[in-house]
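Quick look at data_30.txt (compact mmCIF, C-alpha atoms):
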```txt
# COMPACT_ATOMS: atom_id res chain seq x y z
CA MET A 1 52.18 105.49 20.10
CA LYS A 2 53.31 102.00 20.96
CA PRO A 3 57.02 101.73 21.56
CA GLU A 4 57.43 98.72 19.25
CA VAL A 5 56.25 100.61 16.17
CA PHE A 6 59.10 101.51 13.86
CA GLU A 7 59.31 105.23 13.38
CA PRO A 8 61.37 106.11 10.31
CA GLY A 9 63.85 108.96 10.48
CA ILE A 10 63.76 110.84 7.19
CA VAL A 11 66.03 113.62 6.07
CA ALA A 12 64.15 116.07 3.85
CA PHE A 13 66.21 118.45 1.76
CA CYS A 14 63.80 121.27 0.96
CA CYS A 15 64.44 124.04 -1.51
CA HIS A 16 64.22 127.48 0.07
CA TYR A 17 62.04 128.81 -2.75
CA CYS A 18 59.34 126.16 -2.77
CA ALA A 19 59.14 123.11 -0.54
CA TYR A 20 60.53 124.87 2.51
CA SER A 21 57.97 127.63 2.08
CA SER A 22 55.23 125.09 1.55
CA ALA A 23 56.24 123.47 4.84
CA ASP A 24 55.85 126.90 6.42
CA LEU A 25 52.49 127.27 4.75
CA ALA A 26 51.46 123.86 6.06
CA GLY A 27 52.19 125.19 9.52
CA VAL A 28 50.14 128.32 8.95
CA MET A 29 47.30 126.23 7.56
CA ARG A 30 47.52 123.83 10.53
CA ILE A 31 48.03 120.92 8.18
CA GLN A 32 49.58 118.03 10.01
CA TYR A 33 52.21 115.66 8.71
CA PRO A 34 54.25 112.99 10.42
CA PRO A 35 57.06 114.31 12.61
CA ASN A 36 59.50 111.79 11.17
CA VAL A 37 61.10 114.23 8.80
CA ARG A 38 63.98 116.51 9.61
CA ILE A 39 63.87 119.38 7.18
CA ILE A 40 67.13 120.80 5.90
CA ARG A 41 66.73 124.02 3.97
CA THR A 42 68.82 124.28 0.83
CA PRO A 43 69.24 127.30 -1.43
CA CYS A 44 68.19 125.10 -4.37
CA THR A 45 67.98 121.34 -4.84
CA GLY A 46 70.61 121.83 -7.54
CA ARG A 47 73.03 122.47 -4.69
CA LEU A 48 72.62 118.93 -3.45
CA GLU A 49 75.40 116.55 -4.33
CA THR A 50 75.29 112.78 -4.48
CA GLU A 51 77.46 112.69 -1.34
CA TYR A 52 74.73 114.33 0.69
CA PHE A 53 72.28 111.54 -0.02
CA MET A 54 74.96 108.93 0.51
CA LYS A 55 76.15 110.38 3.80
CA ALA A 56 72.60 110.70 5.12
CA LEU A 57 71.90 107.03 4.40
CA GLU A 58 75.34 105.87 5.50
CA ASN A 59 74.86 107.61 8.81
CA GLY A 60 71.58 105.87 9.43
CA ALA A 61 68.74 107.89 7.93
CA ASP A 62 65.92 105.55 6.96
CA GLY A 63 64.99 107.67 3.99
CA VAL A 64 65.96 110.82 2.15
CA LEU A 65 63.41 113.11 0.57
CA VAL A 66 64.43 115.77 -1.90
CA ALA A 67 61.78 118.41 -2.46
CA GLY A 68 62.41 120.93 -5.20
CA CYS A 69 60.41 123.34 -7.30
CA LEU A 70 58.04 122.27 -10.03
CA GLU A 71 59.84 121.51 -13.27
CA GLY A 72 60.19 124.75 -15.17
CA GLY A 73 59.70 126.76 -11.99
CA CYS A 74 63.21 126.63 -10.52
CA HIS A 75 64.44 129.96 -9.20
CA PHE A 76 67.81 129.12 -10.72
CA VAL A 77 66.25 127.89 -13.98
CA GLU A 78 67.27 124.24 -13.91
CA GLY A 79 68.63 123.39 -10.46
CA ASN A 80 65.78 121.00 -9.81
CA LEU A 81 66.49 119.19 -13.08
CA CYS A 82 70.12 118.73 -12.02
CA ALA A 83 68.88 117.37 -8.71
CA LYS A 84 66.54 114.97 -10.50
CA ARG A 85 69.43 113.51 -12.48
CA ARG A 86 71.59 113.19 -9.37
CA VAL A 87 68.80 111.54 -7.42
CA ASN A 88 68.30 109.04 -10.25
CA TYR A 89 72.04 108.35 -10.35
CA THR A 90 72.12 107.84 -6.60
CA ARG A 91 69.10 105.54 -6.74
CA ASP A 92 70.98 103.34 -9.20
CA LEU A 93 74.04 103.46 -6.98
CA LEU A 94 71.95 102.39 -3.99
CA GLU A 95 70.77 99.37 -5.95
CA GLU A 96 74.39 98.48 -6.68
CA ILE A 97 75.11 98.69 -2.98
CA GLY A 98 72.09 96.60 -2.07
CA ILE A 99 69.89 99.24 -0.48
CA GLU A 100 66.30 99.79 -1.64
CA LYS A 101 66.24 102.74 -3.99
CA GLU A 102 62.83 103.73 -2.63
CA ARG A 103 64.65 105.15 0.36
CA LEU A 104 65.59 108.11 -1.78
CA ARG A 105 62.87 110.06 -3.49
CA MET A 106 62.56 113.39 -5.23
CA VAL A 107 59.34 115.35 -5.46
CA ASN A 108 58.41 118.66 -7.03
CA ILE A 109 56.44 120.97 -4.79
CA SER A 110 55.59 124.63 -5.25
CA ALA A 111 55.46 127.09 -2.38
CA ALA A 112 51.65 126.98 -2.46
CA MET A 113 51.42 123.19 -2.25
CA ALA A 114 51.19 122.70 1.49
CA ARG A 115 48.72 119.84 1.30
CA PRO A 116 50.63 117.89 -1.38
CA LEU A 117 53.78 118.30 0.69
CA ALA A 118 52.07 116.88 3.75
CA ASP A 119 50.67 114.02 1.63
CA THR A 120 54.11 113.35 0.13
CA ILE A 121 55.73 113.21 3.54
CA THR A 122 52.99 110.92 4.82
CA ASP A 123 53.42 108.66 1.81
CA MET A 124 57.20 108.65 2.18
CA VAL A 125 56.93 107.75 5.86
CA GLU A 126 54.56 104.90 5.01
CA THR A 127 56.86 103.66 2.24
CA ILE A 128 59.84 103.65 4.58
CA ARG A 129 57.80 102.09 7.36
CA LYS A 130 57.03 99.18 5.02
CA LEU A 131 60.67 98.88 4.02
CA GLY A 132 61.75 98.82 7.64
CA PRO A 133 64.77 100.48 9.24
CA ASN A 134 67.84 101.36 7.26
CA PRO A 135 69.61 97.98 6.89
CA LEU A 136 72.89 99.64 7.83
CA ARG A 137 71.56 100.29 11.30
CA LYS A 138 70.86 96.68 12.13
CA SER A 139 74.25 96.03 13.58
CA GLU A 140 75.35 99.44 14.58
CA LEU A 141 73.81 102.86 14.80
CA ARG A 142 75.85 105.88 14.01
CA PRO A 143 74.64 109.33 14.90
CA VAL A 144 72.47 110.93 12.29
CA LEU A 145 70.61 114.18 11.97
CA HIS A 146 72.21 115.45 15.14
CA SER A 147 75.79 116.26 16.04
CA PRO A 148 77.66 113.14 17.14
CA ALA A 149 77.78 112.46 20.84
CA LYS A 150 81.18 113.30 22.25
CA ASP A 151 81.50 110.08 24.19
CA GLY A 152 80.88 108.07 21.05
CA THR A 153 77.62 106.55 22.26
CA PRO A 154 75.15 105.98 19.49
CA ASN A 155 72.19 108.24 19.25
CA SER A 156 69.29 106.25 20.55
CA GLU A 157 66.60 108.67 19.45
CA LEU A 158 66.38 107.27 15.97
CA ARG A 159 66.76 103.66 16.87
CA ASN A 160 64.20 103.72 19.58
CA PRO A 161 60.74 104.88 18.81
CA ARG A 162 59.81 107.95 20.72
CA PRO A 163 56.68 109.93 21.22
CA GLU A 164 56.18 112.80 18.80
CA THR A 165 56.37 115.38 21.52
CA THR A 166 59.93 114.53 22.57
CA ALA A 167 61.54 116.23 19.61
CA LYS A 168 63.48 118.87 21.43
CA ASN A 169 66.41 119.53 19.24
CA GLU A 170 66.75 122.52 17.02
CA ASN A 171 65.43 120.69 13.99
CA GLY A 172 62.52 119.43 15.97
CA LYS A 173 61.56 122.97 16.88
CA LYS A 174 61.87 123.99 13.26
CA LEU A 175 59.72 121.06 12.28
CA GLN A 176 57.06 122.04 14.78
CA ALA A 177 57.11 125.58 13.57
CA ALA A 178 56.84 124.48 9.97
CA GLY A 179 54.70 121.42 10.30
CA SER A 180 52.49 122.38 13.21
CA HIS A 181 51.90 119.07 14.94
CA THR A 182 49.55 120.60 17.39
CA ALA A 183 47.24 123.54 17.32
CA GLN A 184 48.96 126.45 18.97
CA MET B 1 92.74 114.04 -21.01
CA ILE B 2 92.47 110.45 -19.90
CA VAL B 3 88.88 109.35 -19.49
CA ALA B 4 87.92 106.58 -17.11
CA GLN B 5 84.84 105.01 -15.62
CA ARG B 6 84.13 103.62 -12.18
CA LYS B 7 83.93 99.88 -11.71
CA ASN B 8 80.67 98.85 -10.11
CA ILE B 9 80.43 98.54 -6.36
CA PRO B 10 80.09 94.73 -6.06
CA GLU B 11 83.20 94.35 -8.24
CA LEU B 12 85.14 96.83 -6.12
CA LEU B 13 84.07 94.99 -3.01
CA ASP B 14 85.35 91.73 -4.48
CA ILE B 15 88.64 93.37 -5.41
CA VAL B 16 89.36 94.43 -1.83
CA GLU B 17 87.82 91.40 -0.17
CA LYS B 18 91.05 90.25 1.47
CA HIS B 19 91.62 93.55 3.23
CA ARG B 20 90.13 95.25 6.24
CA LYS B 21 91.65 98.68 5.93
CA VAL B 22 91.71 100.16 2.47
CA LEU B 23 92.89 103.52 1.28
CA LEU B 24 90.71 104.88 -1.50
CA LEU B 25 93.10 107.14 -3.33
CA GLY B 26 91.76 109.70 -5.77
CA CYS B 27 93.60 111.74 -8.36
CA GLY B 28 93.08 115.44 -8.90
CA THR B 29 93.90 115.56 -12.59
CA CYS B 30 92.24 113.80 -15.56
CA VAL B 31 89.88 111.55 -13.62
CA THR B 32 88.64 114.51 -11.60
CA VAL B 33 87.65 116.28 -14.80
CA CYS B 34 85.92 113.19 -16.19
CA LEU B 35 84.09 112.79 -12.86
CA ALA B 36 85.42 109.32 -12.19
CA GLY B 37 88.07 109.55 -9.48
CA GLY B 38 88.31 113.02 -7.99
CA GLN B 39 87.72 114.08 -4.42
CA ARG B 40 83.95 114.01 -4.80
CA GLU B 41 83.92 110.57 -6.39
CA VAL B 42 86.26 109.28 -3.70
CA SER B 43 83.76 110.40 -1.10
CA ILE B 44 80.85 108.75 -2.94
CA ILE B 45 82.67 105.49 -3.67
CA ALA B 46 84.01 105.29 -0.10
CA SER B 47 80.50 105.70 1.29
CA ALA B 48 79.16 103.13 -1.14
CA LEU B 49 81.89 100.62 -0.26
CA ARG B 50 81.39 101.06 3.46
CA MET B 51 77.66 100.62 3.07
CA ALA B 52 77.94 97.58 0.81
CA ALA B 53 80.49 95.94 3.12
CA LYS B 54 78.38 96.58 6.15
CA LEU B 55 75.34 95.05 4.50
CA LYS B 56 77.37 91.92 3.87
CA GLY B 57 78.61 91.94 7.45
CA ARG B 58 82.18 92.45 6.34
CA PRO B 59 84.50 94.59 8.39
CA LEU B 60 85.91 97.19 6.04
CA GLU B 61 87.51 100.47 6.87
CA VAL B 62 87.83 102.86 3.95
CA GLU B 63 90.12 105.85 4.28
CA GLU B 64 89.77 108.64 1.76
CA LEU B 65 92.49 110.72 0.19
CA THR B 66 92.88 112.60 -3.05
CA ILE B 67 96.23 113.85 -4.29
CA GLU B 68 96.98 116.21 -7.12
CA ARG B 69 98.47 113.62 -9.46
CA GLN B 70 98.98 109.92 -8.89
CA CYS B 71 101.28 109.41 -11.86
CA ASP B 72 103.91 111.73 -10.42
CA ASN B 73 106.24 110.66 -7.64
CA VAL B 74 106.44 114.17 -6.22
CA PHE B 75 102.71 114.25 -5.58
CA LEU B 76 102.54 110.59 -4.68
CA GLU B 77 104.78 111.29 -1.75
CA GLN B 78 101.92 113.19 -0.12
CA ALA B 79 100.05 109.92 0.16
CA ALA B 80 102.98 108.02 1.69
CA GLU B 81 101.72 108.17 5.26
CA ALA B 82 98.18 107.11 4.37
CA ILE B 83 99.43 104.31 2.13
CA LYS B 84 101.66 103.07 4.93
CA LYS B 85 98.74 102.86 7.35
CA ALA B 86 96.44 101.01 4.96
CA ASP B 87 96.39 97.27 4.22
CA ALA B 88 95.85 97.99 0.55
CA VAL B 89 95.31 100.86 -1.83
CA LEU B 90 92.30 101.08 -4.10
CA SER B 91 93.29 103.69 -6.61
CA VAL B 92 90.67 105.59 -8.53
CA GLY B 93 93.29 107.12 -10.77
CA CYS B 94 93.98 106.00 -14.32
CA GLY B 95 96.07 102.93 -15.10
CA ALA B 96 99.25 105.01 -15.00
CA GLY B 97 98.43 106.17 -11.46
CA VAL B 98 97.80 102.64 -10.24
CA GLN B 99 101.13 101.47 -11.65
CA ALA B 100 103.01 104.46 -10.26
CA ILE B 101 101.80 103.47 -6.80
CA ALA B 102 102.64 99.81 -7.40
CA GLU B 103 106.18 100.70 -8.44
CA ARG B 104 106.81 103.06 -5.58
CA TYR B 105 105.26 100.96 -2.82
CA SER B 106 106.47 97.49 -3.66
CA ASN B 107 105.10 95.79 -0.55
CA LYS B 108 101.63 97.27 -0.71
CA PRO B 109 98.81 95.71 -2.73
CA VAL B 110 97.37 98.23 -5.17
CA TYR B 111 94.13 97.77 -7.07
CA ALA B 112 92.42 99.69 -9.84
CA GLY B 113 89.02 101.12 -8.98
CA LEU B 114 88.43 102.54 -12.44
CA ASN B 115 88.40 101.22 -15.94
CA THR B 116 90.67 103.56 -17.86
CA ALA B 117 88.90 104.03 -21.16
CA PHE B 118 90.57 106.42 -23.60
CA ILE B 119 92.13 109.79 -24.35
CA GLY B 120 89.26 112.08 -25.12
CA ILE B 121 87.50 115.34 -24.54
CA LEU B 122 84.37 116.55 -22.84
CA GLU B 123 81.89 116.76 -25.70
CA GLU B 124 79.13 118.25 -23.60
CA ARG B 125 78.18 118.04 -19.94
CA GLY B 126 78.39 114.39 -18.96
CA VAL B 127 79.53 113.18 -22.39
CA TRP B 128 83.12 112.25 -23.23
CA THR B 129 84.34 110.95 -26.55
CA GLU B 130 87.58 109.39 -27.66
CA LYS B 131 89.77 111.59 -29.82
CA CYS B 132 93.24 110.14 -29.74
CA ALA B 133 94.57 106.59 -29.94
CA ALA B 134 98.12 107.63 -28.93
CA CYS B 135 99.46 105.80 -31.99
CA GLY B 136 102.81 107.58 -31.69
CA GLU B 137 102.92 109.04 -35.18
CA CYS B 138 100.34 111.76 -35.54
CA VAL B 139 98.66 112.23 -38.92
CA LEU B 140 96.16 114.86 -37.86
CA HIS B 141 97.76 117.51 -40.05
CA GLU B 142 96.81 115.54 -43.14
CA TYR B 143 93.17 115.16 -42.21
CA GLY B 144 92.14 118.64 -41.17
CA GLY B 145 92.57 117.91 -37.48
CA ILE B 146 90.21 114.93 -37.40
CA CYS B 147 91.82 111.61 -36.60
CA PRO B 148 90.76 108.79 -38.93
CA ILE B 149 92.53 106.23 -36.77
CA THR B 150 90.54 107.05 -33.66
CA ARG B 151 87.28 108.20 -35.09
CA CYS B 152 86.79 105.95 -38.10
CA ALA B 153 85.58 102.54 -36.98
CA LYS B 154 87.77 100.96 -39.67
CA HIS B 155 90.78 103.22 -38.99
CA MET B 156 90.87 104.01 -42.71
CA LEU B 157 93.59 106.31 -43.96
CA ASN B 158 92.07 106.42 -47.43
CA GLY B 159 88.37 106.72 -46.77
CA PRO B 160 85.52 106.83 -46.82
CA CYS B 161 84.29 103.30 -47.00
CA SER B 162 81.01 102.66 -48.74
CA GLY B 163 79.20 101.91 -45.54
CA SER B 164 78.38 105.38 -44.32
CA ARG B 165 74.77 106.46 -44.53
CA GLU B 166 74.25 110.16 -44.91
CA ASP B 167 76.83 111.40 -42.43
CA ARG B 168 76.52 108.46 -40.07
CA CYS B 169 78.84 105.52 -39.56
CA GLU B 170 77.42 102.13 -40.47
CA VAL B 171 78.75 100.67 -37.24
CA SER B 172 76.39 102.77 -35.16
CA PRO B 173 73.88 105.38 -36.26
CA ASP B 174 74.74 107.59 -33.30
CA ARG B 175 78.34 107.82 -34.49
CA PRO B 176 79.24 110.40 -37.12
CA CYS B 177 81.24 109.18 -40.13
CA ALA B 178 84.79 110.40 -39.50
CA TRP B 179 85.40 110.66 -43.20
CA GLN B 180 82.38 112.88 -43.69
CA LEU B 181 83.78 115.08 -40.92
CA ILE B 182 87.21 115.09 -42.58
CA TYR B 183 85.73 116.01 -45.96
CA THR B 184 83.63 118.84 -44.52
CA ARG B 185 86.54 120.16 -42.51
CA LEU B 186 89.04 120.05 -45.38
CA LYS B 187 86.51 121.79 -47.62
CA GLU B 188 86.04 124.53 -45.04
CA ILE B 189 89.75 125.19 -44.74
CA GLY B 190 90.33 124.92 -48.51
CA GLN B 191 92.49 121.82 -48.38
CA LEU B 192 90.32 119.33 -50.23
CA ASP B 193 93.23 118.52 -52.54
CA ARG B 194 94.79 116.63 -49.65
CA LEU B 195 92.27 113.88 -50.31
CA LYS B 196 93.63 113.38 -53.81
CA GLU B 197 96.91 111.95 -52.65
CA LEU B 198 96.95 108.31 -51.74
CA LYS B 199 98.16 107.74 -48.20
CA LYS B 200 100.71 105.01 -47.73
CA PRO B 201 100.15 102.36 -45.09
CA LYS B 202 100.87 103.70 -41.64
CA ASN B 203 103.97 102.71 -39.80
CA TRP B 204 102.65 101.15 -36.62
CA ARG B 205 106.05 100.60 -35.03
CA SER B 206 105.53 103.74 -32.99
CA SER B 207 102.33 102.27 -31.59
CA GLN B 208 102.11 99.45 -29.09
CA SER B 209 103.44 96.76 -31.39
CA GLY B 210 106.89 97.10 -29.87
CA GLY B 211 105.81 96.85 -26.25
CA VAL B 212 106.19 99.63 -23.74
CA ARG B 213 107.04 102.96 -25.31
CA LYS B 214 109.49 105.33 -23.76
CA ILE B 215 110.53 108.90 -24.41
CA VAL B 216 113.86 110.19 -23.18
CA ARG B 217 114.76 113.86 -23.26
CA GLU B 218 118.48 114.13 -22.58
CA ASP B 219 118.26 117.91 -22.26
CA HIS B 220 116.00 117.52 -19.24
CA ARG B 221 117.80 114.71 -17.53
CA VAL B 222 119.89 115.33 -14.45
```
Output the file's structure as structure tokens, nothing else.
Amino acid sequence: MKPEVFEPGIVAFCCHYCAYSSADLAGVMRIQYPPNVRIIRTPCTGRLETEYFMKALENGADGVLVAGCLEGGCHFVEGNLCAKRRVNYTRDLLEEIGIEKERLRMVNISAAMARPLADTITDMVETIRKLGPNPLRKSELRPVLHSPAKDGTPNSELRNPRPETTAKNENGKKLQAAGSHTAQ
Amino acid sequence: MIVAQRKNIPELLDIVEKHRKVLLLGCGTCVTVCLAGGQREVSIIASALRMAAKLKGRPLEVEELTIERQCDNVFLEQAAEAIKKADAVLSVGCGAGVQAIAERYSNKPVYAGLNTAFIGILEERGVWTEKCAACGECVLHEYGGICPITRCAKHMLNGPCSGSREDRCEVSPDRPCAWQLIYTRLKEIGQLDRLKELKKPKNWRSSQSGGVRKIVREDHRV
């Protein structure tokens, strides 16, 4: 990968009962998807608050993906519908702020939909790649996805493109386990 | 409770444009319940303001704090330190909260982050409707507990007008006719005869016609 290519950093909130399992299944099936996503497991997408999306973007994530169960298939009946409304609200709020609303997206994925999940992530990465880096990171980069550095230095991993194989943090390991970048 | 609505982000940014360090002060009472200015909304609005300011290349520091009640000096004291440190306060409390801060901290600019809308109730999740106009002389007992002043578009004390269609107000089809509601309610509680008496014009002196209203309870004064 050429160093000048922009590699988006995407936070993916995945519901434990569907999308997270489908990411696992993608790993088992050796389906590859871009390593740009950092998956955060949530008990239900209905648990996600507007602040979570805002904080992710404020702290420099290039995109936020919310992956919940198929409509009508939520383990908690309607958590994914709550999430859908919150995502829509936040997308409007992002427009008010002046940030492209495409940076936040919600999808519905069942636990068996490993391929659609991989396709969704690929599509999301491409969308964000076209949009470019999070405009908030142009002047300053604040730590995101990882715990802040104690000396206050910005996290360069997200700003600077890096080879896929350098993901060594805990999330990166989880991503490898779930997404299976390479045949094991 | 008092129901309010957030001003939009560009407007808020304009309001605080002269300041670099702003305290976004939430209120834990009415505006928390109507999801406009509680702790969660403070967090969201603060993030939004920081992001919007940064996109415009404007230096803006937004501190966040939510106190139990902005309209009460006892609670307001908890924000004293934070208010002191900030250049200005952007209050996401109701209009009473904003003015309480302005009166207590005379040398600190205070701005309203919300549009205080009305006294109302939560109709269903995410829906609030106005129920009381705070007219100062309640007539609810005469109308089966349904306020014609607040809920009738024409504030009619001797309704209904001839404009209602079915049970809908002619002003807006999504608004129920208050007088239909009053009739149904009085019928249910067996007080339909109340409608037979002609109501005299309301005395509006207790409303806002005389300027700021004040209530003094001597038995509670110290």
Residues of chain A within 7 Å of chain B, using only C-alpha atoms, as a PDB file with C-alpha atoms, in the coordinates of the input?
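As a result, selection_1.pdb now contains:
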```pdb
ATOM      1  CA  GLU A  51      77.460 112.690  -1.340  1.00  0.00           C
ATOM      2  CA  MET A  54      74.960 108.930   0.510  1.00  0.00           C
ATOM      3  CA  LYS A  55      76.150 110.380   3.800  1.00  0.00           C
ATOM      4  CA  GLU A  58      75.340 105.870   5.500  1.00  0.00           C
ATOM      5  CA  GLU A  96      74.390  98.480  -6.680  1.00  0.00           C
ATOM      6  CA  ILE A  97      75.110  98.690  -2.980  1.00  0.00           C
ATOM      7  CA  GLY A  98      72.090  96.600  -2.070  1.00  0.00           C
ATOM      8  CA  PRO A 135      69.610  97.980   6.890  1.00  0.00           C
ATOM      9  CA  LEU A 136      72.890  99.640   7.830  1.00  0.00           C
TER      10      LEU A 136
END
```
All file atoms of stretch 75-84 of chain A boxed axis-aligned, 8 Å per side, centre plus edges, as JSON:
```
{"center_x": 67.3, "center_y": 122.5, "center_z": -11.3, "size_x": 21.7, "size_y": 31.0, "size_z": 21.3}
```
Inset, instruction - Report the distance between atom CA of A:Ala83 and atom CA of A:Thr45 in Å, rounded to one decimal place. - result: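 Pair atom CA of A:Ala83 / atom CA of A:Thr45 returns 5.6 Å.
Nearest residue to A:Ala111, choosing from A:Phe6, A:Tyr20, A:Phe13, A:Phe76 and counting all atoms listed in the file: A:Tyr20.
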Legend entry - One-decimal distance in Å that lies between atom CA of A:Asp92 and atom CA of A:Ile128: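 Going from atom CA of A:Ile128 over to atom CA of A:Asp92, I get 17.7 Å.
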Legend entry - Polymer residues at most 12 Å from B:Leu195, only C-alpha atoms, same-chain spacing of 3 or more positions, as a PyMOL selection string: chain B and resi 142-144+157-160+179-180+182-187+190-192+198-199
Inset, instruction - Quote the spacing between atom CA of B:Gly93 and atom CA of B:Glu64 in Å to one decimal place. - result: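 These two atoms are separated by 13.1 Å.
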Legend entry - Residue nearest B:Ser172 among B:Ala153, B:Leu12, B:Cys27, B:Ala36 (counting all atoms listed in the file): B:Ala153
Inset, instruction - Point out the residue among A:Thr120, A:Asn134, A:Gln32, A:Ser110 with the least atom-to-atom distance to A:Leu65, counting all atoms listed in the file. - result: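 Smallest distance to A:Leu65 is found for A:Thr120.
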Inset, instruction - Identify which of the residues B:Met156, B:Ser162, B:Asp219, B:Glu103 lies closest to B:Lys202, counting only C-alpha atoms when measuring atom-to-atom distances. - result: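 Under the stated criterion, the closest residue is B:Met156.
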Legend entry - From A:Ile109, A:Leu57, A:Leu104, A:Ile99, residue lying nearest A:His16 [all atoms listed in the file]: A:Ile109
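When only C-alpha atoms are used to compute distances to B:Val22, the closest of the residues B:Cys71, B:Leu181, B:Leu35, B:Ala82 turns out to be B:Ala82.
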Selection: 10 Å around B:Glu166, all atoms listed in the file, excl. self and same-chain fewer than 6 positions, as a short mmCIF file (atom, residue, chain, number, x, y, z; two decimals) with C-alpha atoms, in the frame of the given file:
```cif
data_model
loop_
_atom_site.label_atom_id
_atom_site.label_comp_id
_atom_site.auth_asym_id
_atom_site.auth_seq_id
_atom_site.Cartn_x
_atom_site.Cartn_y
_atom_site.Cartn_z
CA PRO B 173 73.88 105.38 -36.26
CA PRO B 176 79.24 110.40 -37.12
CA CYS B 177 81.24 109.18 -40.13
CA GLN B 180 82.38 112.88 -43.69
#
```
